[in-house]
Each structure stands twice: as structure tokens, then as C-alpha cells.
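Peer 1: Before I ask anything, here is the structure I am working with.
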Amino acid sequence: MKTTYSDFLLTGVIAISLLSNGMFSVITVFGRYKRLNVLKRFILIPIKTHVFVIGLTLTRIILSFVSLLILIITSKIMFNLSIVISWPLYFLLAFTTTIGMMGLGLLFLFLFKKGDTAQNAATIYFSLMMFFSGVYFPIEFLPKTFKTISYFLPVKYIVDSLRYISGIELMKVSTFIIINLMMFFGVFCFWD
């Protein structure tokens, strides 16, 4: 299958959407709850904290799936894209990526006590990730120093994985599994 620049770009945009949905949703929601002291009130009510976190997480994952499906379908119609997505692998990657980035969002909230500060720091980090990730152009176009930086950022691996499940790039199955396992480790940031 011959891929076009639009195919290459769409997979990068989907990766950016996955990453931002997870990270920024947690910073926004938990930052607001922290500012309003909602989280401290959980001690007084009979609801278990993990039930609340699971509900929030599942809601974000479902919204992420729906928005990305709309993006993919609309792009296929408007731009006549030729990519064929492996949907089971896509759902696995979308789930683990959302979880992983939610964990990163919680890390930003932990490091920067105020939600607004965490949001600003995450935005700067996210902008840098986009530049070094290969979303808009191949990483091979970057100078050697910048290319090295890209290997330490999660977005590079999510973009590569999306291009793999779309048939644009080759990847070992074991590499794909390792990437998903690493992203799933974000779930440990949600523990009480």
C-alpha cells in the first residue's frame, strides 16, 4: 500500500490527540477539584476513592475513543486516506496511551502544586514533545542532538505505534507490546 503525506500526518495528529486527551483532562479535572478542596472531602463521604478515579478514567477513555473515531472517519471521507487501521490494536494503544498520559498529568499536578502552573508546564512539555516526535516530519530530518532527545519522549513511540497499526511503518510485535506495557504503568499513579 502506498501512503501519502496526509496518511503520515493523520497518524501523528491522532497520536497527539491521544496524548493530550489523557494528560490535560487529568490536570484540568484534578486541578479544579484540588483548588475547590473536593478531594479532601472524599475522606468524609462513604465513596471509595478508587471508584471515583475509575469512573473519571473510564469516562475520559470513552470520550477519547469517540473523538478519535470521528477524526479518523472524517479524515477518510474528506481526504480519501488510504490507511487501514487494525482496530483491536488501535483500541489497545488508545487505552494504554490514555492511561499513561493521565498518569503523567497527575505527575505534573504533584510536581506543581497549583493546577494552572501544572497546566502551563504540561503545555510547554507537550509543545516540545510535538516538535521532537516526528508528527509533522520524520525524525530523520532532525539534527543528531534533537534526534537523541526524541528517543526519551513518549510521543515518538505512540506515533510509531499508530503508524505501525495503520500499515505505514514496520515494527516488531514485541516492541509494540513493550510500548503498551510502558504506557499502562501510568495506572500506578492512580493508587491511593
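By order in the C-alpha cells, chains are A, B, ...; within a chain, residues start at 1; ligands start at 1, following the order shown.
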Within 10 Å of region 174-183 of chain A, counting only C-alpha atoms, which residues qualify if same-chain residues fewer than 3 places away don't, as a list in words?

Peer 2: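 Contacts, with the query itself left out: Leu89, Leu92, Leu93, Ala94, Phe95, Thr96, Thr97, Thr98, Ile99, Gly100, Met101, Met102, Gly103, Leu104, Pro154, Tyr157, Ile158, Asp160, Ser161, Leu162, Tyr164, Ile165, Met171, Gly186 and Val187 of chain A.
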
Peer 1: What would the file look like if the residues just selected were written as a PDB file, in the first residue's frame with N, CA and C atoms?

Peer 2:
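Resulting contents of selection-v1.pdb:
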```
ATOM      1  N   LEU A  89      -5.792  -3.477  17.723  1.00  0.00           N
ATOM      2  CA  LEU A  89      -4.535  -2.882  18.180  1.00  0.00           C
ATOM      3  C   LEU A  89      -4.707  -1.394  18.483  1.00  0.00           C
ATOM      4  N   LEU A  92      -6.337  -1.085  21.918  1.00  0.00           N
ATOM      5  CA  LEU A  92      -5.335  -1.380  22.944  1.00  0.00           C
ATOM      6  C   LEU A  92      -4.412  -0.174  23.144  1.00  0.00           C
ATOM      7  N   LEU A  93      -3.902   0.365  22.043  1.00  0.00           N
ATOM      8  CA  LEU A  93      -2.987   1.509  22.124  1.00  0.00           C
ATOM      9  C   LEU A  93      -3.681   2.740  22.692  1.00  0.00           C
ATOM     10  N   ALA A  94      -4.920   2.984  22.270  1.00  0.00           N
ATOM     11  CA  ALA A  94      -5.657   4.148  22.778  1.00  0.00           C
ATOM     12  C   ALA A  94      -5.884   4.018  24.284  1.00  0.00           C
ATOM     13  N   PHE A  95      -6.213   2.829  24.738  1.00  0.00           N
ATOM     14  CA  PHE A  95      -6.446   2.606  26.171  1.00  0.00           C
ATOM     15  C   PHE A  95      -5.167   2.827  26.981  1.00  0.00           C
ATOM     16  N   THR A  96      -4.083   2.165  26.575  1.00  0.00           N
ATOM     17  CA  THR A  96      -2.850   2.270  27.353  1.00  0.00           C
ATOM     18  C   THR A  96      -2.251   3.671  27.287  1.00  0.00           C
ATOM     19  N   THR A  97      -2.359   4.316  26.132  1.00  0.00           N
ATOM     20  CA  THR A  97      -1.825   5.673  25.991  1.00  0.00           C
ATOM     21  C   THR A  97      -2.598   6.655  26.853  1.00  0.00           C
ATOM     22  N   THR A  98      -3.910   6.548  26.855  1.00  0.00           N
ATOM     23  CA  THR A  98      -4.720   7.442  27.688  1.00  0.00           C
ATOM     24  C   THR A  98      -4.379   7.246  29.157  1.00  0.00           C
ATOM     25  N   ILE A  99      -4.255   6.003  29.586  1.00  0.00           N
ATOM     26  CA  ILE A  99      -3.887   5.712  30.974  1.00  0.00           C
ATOM     27  C   ILE A  99      -2.505   6.281  31.291  1.00  0.00           C
ATOM     28  N   GLY A 100      -1.544   6.035  30.423  1.00  0.00           N
ATOM     29  CA  GLY A 100      -0.182   6.509  30.647  1.00  0.00           C
ATOM     30  C   GLY A 100      -0.100   8.024  30.731  1.00  0.00           C
ATOM     31  N   MET A 101      -0.799   8.697  29.863  1.00  0.00           N
ATOM     32  CA  MET A 101      -0.745  10.154  29.863  1.00  0.00           C
ATOM     33  C   MET A 101      -1.551  10.751  31.017  1.00  0.00           C
ATOM     34  N   MET A 102      -2.567  10.048  31.466  1.00  0.00           N
ATOM     35  CA  MET A 102      -3.271  10.502  32.674  1.00  0.00           C
ATOM     36  C   MET A 102      -2.313  10.434  33.863  1.00  0.00           C
ATOM     37  N   GLY A 103      -1.519   9.377  33.914  1.00  0.00           N
ATOM     38  CA  GLY A 103      -0.506   9.269  34.972  1.00  0.00           C
ATOM     39  C   GLY A 103       0.509  10.397  34.893  1.00  0.00           C
ATOM     40  N   LEU A 104       0.920  10.758  33.672  1.00  0.00           N
ATOM     41  CA  LEU A 104       1.856  11.874  33.507  1.00  0.00           C
ATOM     42  C   LEU A 104       1.212  13.191  33.938  1.00  0.00           C
ATOM     43  N   PRO A 154       7.650  10.122  25.153  1.00  0.00           N
ATOM     44  CA  PRO A 154       6.662   9.084  24.840  1.00  0.00           C
ATOM     45  C   PRO A 154       5.938   9.274  23.512  1.00  0.00           C
ATOM     46  N   TYR A 157       7.065   7.202  20.465  1.00  0.00           N
ATOM     47  CA  TYR A 157       6.697   5.791  20.444  1.00  0.00           C
ATOM     48  C   TYR A 157       5.219   5.585  20.130  1.00  0.00           C
ATOM     49  N   ILE A 158       4.386   6.521  20.564  1.00  0.00           N
ATOM     50  CA  ILE A 158       2.961   6.420  20.243  1.00  0.00           C
ATOM     51  C   ILE A 158       2.740   6.694  18.763  1.00  0.00           C
ATOM     52  N   ASP A 160       4.947   6.189  16.355  1.00  0.00           N
ATOM     53  CA  ASP A 160       5.458   4.999  15.661  1.00  0.00           C
ATOM     54  C   ASP A 160       4.465   3.843  15.753  1.00  0.00           C
ATOM     55  N   SER A 161       3.857   3.665  16.923  1.00  0.00           N
ATOM     56  CA  SER A 161       2.885   2.579  17.107  1.00  0.00           C
ATOM     57  C   SER A 161       1.644   2.797  16.249  1.00  0.00           C
ATOM     58  N   LEU A 162       1.168   4.030  16.183  1.00  0.00           N
ATOM     59  CA  LEU A 162       0.000   4.308  15.341  1.00  0.00           C
ATOM     60  C   LEU A 162       0.314   4.087  13.866  1.00  0.00           C
ATOM     61  N   TYR A 164       2.452   1.971  12.819  1.00  0.00           N
ATOM     62  CA  TYR A 164       2.556   0.520  12.687  1.00  0.00           C
ATOM     63  C   TYR A 164       1.175  -0.107  12.520  1.00  0.00           C
ATOM     64  N   ILE A 165       0.220   0.256  13.383  1.00  0.00           N
ATOM     65  CA  ILE A 165      -1.110  -0.372  13.292  1.00  0.00           C
ATOM     66  C   ILE A 165      -1.905   0.140  12.086  1.00  0.00           C
ATOM     67  N   MET A 171       7.257  -2.463  12.500  1.00  0.00           N
ATOM     68  CA  MET A 171       7.639  -2.531  13.904  1.00  0.00           C
ATOM     69  C   MET A 171       7.509  -3.980  14.336  1.00  0.00           C
ATOM     70  N   GLY A 186       1.266   3.910  33.786  1.00  0.00           N
ATOM     71  CA  GLY A 186       0.654   5.139  34.290  1.00  0.00           C
ATOM     72  C   GLY A 186      -0.475   4.866  35.266  1.00  0.00           C
ATOM     73  N   VAL A 187      -1.040   3.658  35.214  1.00  0.00           N
ATOM     74  CA  VAL A 187      -2.143   3.310  36.110  1.00  0.00           C
ATOM     75  C   VAL A 187      -1.688   3.342  37.570  1.00  0.00           C
TER      76      VAL A 187
END
```

Peer 1: I'd like the interatomic distance between CA of Ser17 (chain A) and CA of Phe131 (chain A), to a tenth of an Å.

Peer 2: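 One can read the CA of Ser17 (chain A) to CA of Phe131 (chain A) distance as 14.7 Å.
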
Peer 1: List the spatial neighbours of Val155 (chain A) as a compact mmCIF listing (two decimals) with N, CA and C atoms, in the first residue's frame - criterion: any atom at most 9 Å away, only C-alpha atoms, same-chain residues fewer than 6 positions off excluded.

Peer 2:
```txt
# COMPACT_ATOMS: atom_id res chain seq x y z
N ALA A 15 -2.10 10.59 17.32
CA ALA A 15 -1.23 10.37 18.48
C ALA A 15 -1.25 11.58 19.40
N ILE A 16 -1.18 12.76 18.84
CA ILE A 16 -1.22 13.98 19.65
C ILE A 16 -2.55 14.07 20.39
N LEU A 19 -2.53 11.61 23.32
CA LEU A 19 -1.65 12.07 24.40
C LEU A 19 -2.26 13.26 25.14
N PHE A 126 4.44 19.49 26.33
CA PHE A 126 3.72 18.92 25.21
C PHE A 126 4.17 19.55 23.88
N MET A 129 7.42 18.07 23.01
CA MET A 129 7.24 16.70 22.55
C MET A 129 6.78 16.67 21.09
N MET A 130 5.88 17.56 20.73
CA MET A 130 5.38 17.58 19.35
C MET A 130 6.51 17.87 18.37
N PHE A 132 9.75 17.27 18.68
CA PHE A 132 10.75 16.20 18.61
C PHE A 132 10.16 14.83 18.29
N SER A 133 8.89 14.75 18.00
CA SER A 133 8.23 13.44 17.92
C SER A 133 8.17 12.83 16.53
N GLY A 134 8.31 13.60 15.49
CA GLY A 134 8.12 13.06 14.16
C GLY A 134 6.67 13.11 13.72
N VAL A 135 5.88 13.96 14.34
CA VAL A 135 4.47 14.08 13.96
C VAL A 135 4.35 14.72 12.59
```

Peer 1: So how many Å separate CA of Thr145 (chain A) and CA of Ser20 (chain A), to one decimal?

Peer 2: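 One can read the CA of Thr145 (chain A) to CA of Ser20 (chain A) distance as 25.3 Å.
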
Peer 1: One number please: CA of Ile47 (chain A) to CA of Leu111 (chain A), in Å, one decimal.

Peer 2: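 According to the coordinates, CA of Ile47 (chain A) and CA of Leu111 (chain A) are separated by 26.8 Å.
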
Peer 1: Let me make sure I understand: among A:Thr74, A:Ser64, A:Asn80, A:Thr28, which one has the smallest atom-to-atom distance to Asp7 (chain A) if we use only C-alpha atoms?

Peer 2: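 Comparing A:Thr74, A:Ser64, A:Asn80, A:Thr28 against Asp7 (chain A), the winner is A:Asn80.
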
Peer 1: Show which residues sit within 12 Å of Ser82 (chain A), as an NGL selection string. Count only C-alpha atoms, and ignore same-chain residues fewer than 2 positions away.

Peer 2: :A and (1-8 or 10-11 or 72-73 or 75-80 or 84-85 or 166-168)

Peer 1: Keeping N, CA, C and O atoms for every residue in the selection just given, could you write it to a file as a JSON list (two decimals), in the first residue's frame?

Peer 2:
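For reference, part02.json as written:
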```json
[["chain", "number", "residue", "atom", "x", "y", "z"],
["A", 1, "MET", "N", 0.84, -1.17, 0.00],
["A", 1, "MET", "CA", 0.00, 0.00, 0.00],
["A", 1, "MET", "C", 0.89, 1.24, 0.00],
["A", 1, "MET", "O", 1.84, 1.35, 0.77],
["A", 2, "LYS", "N", 0.56, 2.17, -0.87],
["A", 2, "LYS", "CA", 1.32, 3.42, -0.96],
["A", 2, "LYS", "C", 0.68, 4.44, -0.03],
["A", 2, "LYS", "O", -0.51, 4.71, -0.09],
["A", 3, "THR", "N", 1.49, 5.02, 0.86],
["A", 3, "THR", "CA", 0.96, 6.01, 1.79],
["A", 3, "THR", "C", 1.32, 7.40, 1.32],
["A", 3, "THR", "O", 2.32, 7.61, 0.63],
["A", 4, "THR", "N", 0.50, 8.34, 1.71],
["A", 4, "THR", "CA", 0.70, 9.73, 1.34],
["A", 4, "THR", "C", 1.12, 10.53, 2.57],
["A", 4, "THR", "O", 1.08, 10.03, 3.69],
["A", 5, "TYR", "N", 1.49, 11.78, 2.34],
["A", 5, "TYR", "CA", 1.84, 12.65, 3.46],
["A", 5, "TYR", "C", 0.63, 12.84, 4.37],
["A", 5, "TYR", "O", 0.77, 12.93, 5.59],
["A", 6, "SER", "N", -0.58, 12.86, 3.80],
["A", 6, "SER", "CA", -1.79, 13.00, 4.62],
["A", 6, "SER", "C", -1.95, 11.82, 5.57],
["A", 6, "SER", "O", -2.35, 11.99, 6.72],
["A", 7, "ASP", "N", -1.64, 10.61, 5.09],
["A", 7, "ASP", "CA", -1.69, 9.42, 5.95],
["A", 7, "ASP", "C", -0.69, 9.56, 7.09],
["A", 7, "ASP", "O", -0.99, 9.29, 8.25],
["A", 8, "PHE", "N", 0.51, 9.99, 6.73],
["A", 8, "PHE", "CA", 1.58, 10.18, 7.70],
["A", 8, "PHE", "C", 1.17, 11.22, 8.74],
["A", 8, "PHE", "O", 1.33, 11.02, 9.94],
["A", 10, "LEU", "N", -1.96, 12.31, 9.50],
["A", 10, "LEU", "CA", -3.14, 11.92, 10.29],
["A", 10, "LEU", "C", -2.74, 11.04, 11.47],
["A", 10, "LEU", "O", -3.24, 11.24, 12.58],
["A", 11, "THR", "N", -1.85, 10.10, 11.24],
["A", 11, "THR", "CA", -1.44, 9.24, 12.36],
["A", 11, "THR", "C", -0.74, 10.05, 13.44],
["A", 11, "THR", "O", -0.90, 9.78, 14.62],
["A", 72, "ILE", "N", -10.92, 10.02, 12.62],
["A", 72, "ILE", "CA", -10.48, 9.06, 11.61],
["A", 72, "ILE", "C", -11.50, 8.95, 10.47],
["A", 72, "ILE", "O", -11.14, 9.03, 9.29],
["A", 73, "ILE", "N", -12.76, 8.80, 10.83],
["A", 73, "ILE", "CA", -13.80, 8.65, 9.81],
["A", 73, "ILE", "C", -13.91, 9.91, 8.96],
["A", 73, "ILE", "O", -13.98, 9.84, 7.73],
["A", 75, "SER", "N", -11.61, 12.17, 8.41],
["A", 75, "SER", "CA", -10.40, 12.29, 7.59],
["A", 75, "SER", "C", -10.44, 11.35, 6.40],
["A", 75, "SER", "O", -10.01, 11.70, 5.30],
["A", 76, "LYS", "N", -10.94, 10.13, 6.61],
["A", 76, "LYS", "CA", -11.03, 9.18, 5.50],
["A", 76, "LYS", "C", -11.99, 9.69, 4.43],
["A", 76, "LYS", "O", -11.73, 9.55, 3.24],
["A", 77, "ILE", "N", -13.09, 10.31, 4.87],
["A", 77, "ILE", "CA", -14.08, 10.84, 3.91],
["A", 77, "ILE", "C", -13.54, 12.08, 3.20],
["A", 77, "ILE", "O", -13.59, 12.19, 1.98],
["A", 78, "MET", "N", -13.02, 13.03, 3.98],
["A", 78, "MET", "CA", -12.60, 14.31, 3.40],
["A", 78, "MET", "C", -11.33, 14.20, 2.57],
["A", 78, "MET", "O", -11.22, 14.84, 1.52],
["A", 79, "PHE", "N", -10.35, 13.42, 3.02],
["A", 79, "PHE", "CA", -9.06, 13.38, 2.36],
["A", 79, "PHE", "C", -8.81, 12.08, 1.61],
["A", 79, "PHE", "O", -7.72, 11.88, 1.07],
["A", 80, "ASN", "N", -9.81, 11.18, 1.60],
["A", 80, "ASN", "CA", -9.69, 9.91, 0.91],
["A", 80, "ASN", "C", -8.40, 9.17, 1.30],
["A", 80, "ASN", "O", -7.63, 8.75, 0.46],
["A", 84, "VAL", "N", -5.32, 1.69, 6.56],
["A", 84, "VAL", "CA", -6.24, 0.69, 7.08],
["A", 84, "VAL", "C", -5.79, 0.39, 8.50],
["A", 84, "VAL", "O", -4.71, -0.15, 8.72],
["A", 85, "ILE", "N", -6.61, 0.77, 9.45],
["A", 85, "ILE", "CA", -6.25, 0.65, 10.86],
["A", 85, "ILE", "C", -6.66, -0.72, 11.38],
["A", 85, "ILE", "O", -7.77, -1.18, 11.14],
["A", 166, "SER", "N", -1.39, 1.20, 11.45],
["A", 166, "SER", "CA", -2.03, 1.72, 10.24],
["A", 166, "SER", "C", -1.35, 1.20, 8.98],
["A", 166, "SER", "O", -1.74, 1.56, 7.87],
["A", 167, "GLY", "N", -0.30, 0.40, 9.13],
["A", 167, "GLY", "CA", 0.40, -0.17, 7.99],
["A", 167, "GLY", "C", 1.36, 0.78, 7.30],
["A", 167, "GLY", "O", 1.80, 0.52, 6.19],
["A", 168, "ILE", "N", 1.71, 1.88, 7.95],
["A", 168, "ILE", "CA", 2.61, 2.86, 7.35],
["A", 168, "ILE", "C", 4.06, 2.53, 7.63],
["A", 168, "ILE", "O", 4.93, 2.71, 6.78]]
```

Peer 1: I need the residues in chain A that are helix (DSSP H, G or I) according to DSSP; give them as a count of residues only.

Peer 2: 149
